[in-house]
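**Student:** Take this structure, written in structure tokens, and hold onto it; I'll ask about it next.
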Amino acid sequence: MNLQRKRQVLYTVLSTVIQGDTLWRVMCHWQAHYADKAQFEWNAFLSDCQSMADIGGRRTQLYRQLIALMLDKEAVLREDPFCAMQQYQKRQPLPALKASATVAVSGDQEDWGPMFTAVLQTLFSQLRSDTILVVKRYAIEMAGRHGLPSTLTYAFTQWVDQGKTMSINRVPLTQLQQLFNYVYVALCECIGPIMADRLISHAVNVECALTPSLNARRLLG
Amino acid sequence: MKCMVGIVLLLIGSSVLADTENAGERLLRLDLDMVWIAFAAILVFFMQAGFALLESGSSRAKNAVNVMMKNYMDVCVGTLIFWLVGYGLMFGVNTSGWFGMSHFAMHDGAAWDYLFLFFQTMFAATAITICSGAMAERTKYDAYLIAACLITAVIYPVFGSWAWGGIHGGSGWLADLGFIDFAGSTVVHSIGAWCALAGIIVLGPRTGRFSKMDGRPRTIPGHNLTVVALGGFILWLGWFGFNGGSTLAASADIGIVLLNTQLAAASGAVGALLFSRVTGRPILLTSTINGSIAGLVGITAGCAVMAPPFAVVTGLIAGVISVYGALWLERRGLDDVVSAVPVHGFAGAWGTIAAGLFMQGDLWNGSQVLVQSVGVLAAFLWAFPMALLVFMAIDRLFGLRASTQHEQQGLDFTEHDEVGYPEFHQHATYHRETQV
């Protein structure tokens, strides 16, 4: 299931119980922390929101609804709320800035793995399969040559080859930046530096909008 | 008797008056010469702005500031180093024929000496700034500046002393052979270009410039072609000072020099256009501007010795060379961002030989062409290996090439911590910590 459909499912279900800014705040929280996680982790997401009376009292019911909608390919879903979420975020300049400042201070203590995965996901979704293959091969080769941890390289390989979640929790940001740079270099070689800049920039901007609490630009180095 | 004395006194008086008038005329002429050279030097200085705009516009937006900074600092370090060392090596007393040995850090010369040093400083700055364009977008800033210092201190002035040396005594061996390079097709432009060639060989191409699969070149367009065009116009304007000032006198010769300069620039652009059209290539703005600059470089050696029709031929061929030369370099996997090597190097070599071929009153003089060819070859054999050595040494000691991470983020951010277009930056290529 792609990211957009997951978001539509969540929106369809949550909009029946909460509205307005509360809804957008919850949606943004999901986008920031759960969008790229497996579906069974949505339970944890609902737990995060249990302090809201409208959600806390009917967590089980909402969870069932979410699962049912996700499994039902014919279900009629509400339109993708992504634009509305972005507008909501734009209306919240102060909290967003505070969040990014916190990130800047806390630095490597944050878990950058999900963000790294999300940016690569958006980036690779725009590439041809043969390009992905070349990029992967180059990045893995360079990662090995420059002594990046084999666990990171392995997780990256698994993710590219089999679409598995990249389990790279608590990998230092500098190592992710380095791997990201190898992906950039490979992209430059395959599709040219101008296109590489554009695609990476697009991927980073998308994730910045979706997850304002964690500045995706930091992956750029 | 009284009448005779009167006549003698009258004769003496008129002779003194005539001498006074001649001295006054000479002083006035010297003043005029100095004003003209000062004006020409200012025009040549303005060429730095032209180079900066042309090179910066030809680079990606994320490297625009870095290119500007290199051009700016080229003038600054070039001025200081040339005053300290370069001028003495180039124009000091040259008894050996190989380099000058006086007038280092000149501080007690005549008024004319100061002006001449000022004028020649602008030429030195022009020579080094040619490298910055070719090596743009992947060179470490500090490493580049070290190279610029060494080029201004040794490579440029030593060759200059061979062709132009001996202003303060003695002469260079190339000048003794009868080598003609009026304003520096070879002395300034080719020397700069051969250094640039060495630089781009040591550096290697920008990441992604050539496809890894089949080696085919990939275009990396500049971020602002309007700025490139403005740079071209400014260079053209400055060239009137470059060539016109090289007469070193406000004389009637300026007319033919300026006319030839204008004709060659115009025909250079036409040559580039015709070559592109005949070979079925698109008529690019960058190629057209490079064509006119190649025409200007080409005519620089012979603008004072050629008839105007030959200036047109020189410019036309230089324009063709600039486009063909760029393709030739590309086929060899060499990444010259602004085509500095074909425009300044190849066209400069052609222009120097053309000065021998088309000399007014002595057309097709084989021995002169031979001397010109010796000069062209000597320039290459001196500047290229020396620059190669310099760049390789810098690469080994400090690292010449920026890391791929810096290339990704853009040198504006990584080298200078500022960006050229903060409001309009479309593509996120770097991250800066925000203070809230």
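By order of appearance in the structure tokens: chains A, B, ..., then residues from 1 within every chain, and ligands from 1 in the order shown.
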Can you check which residues of chain B have any atom within 12 Å of chain A? Use only C-alpha atoms and format it as a PyMOL selection string.
**Tutor:** chain B and resi 59-62+137+205-223+403-410+413-414+425-436
**Student:** Excluding same-chain residues fewer than 3 positions from Lys37 in chain A, what lies within 10 Å of it counting only C-alpha atoms, as number ranges by chain?
**Tutor:** A: 30-31, 33-34, 40-42, 114, 118, 165-166
**Student:** Once DSSP has gone over the backbone, tell me which residues of range 256-397 of chain B are in helix (DSSP H, G or I), as an MDAnalysis selection string.
**Tutor:** chainID B and resid 256:278 285:300 308:331 340:357 366:397
**Student:** Given only C-alpha atoms as the basis, pick out the residue of B:Ser102, B:Thr288, B:Ser132, B:Ser367 nearest to Asp74 in chain B.
**Tutor:** B:Ser132
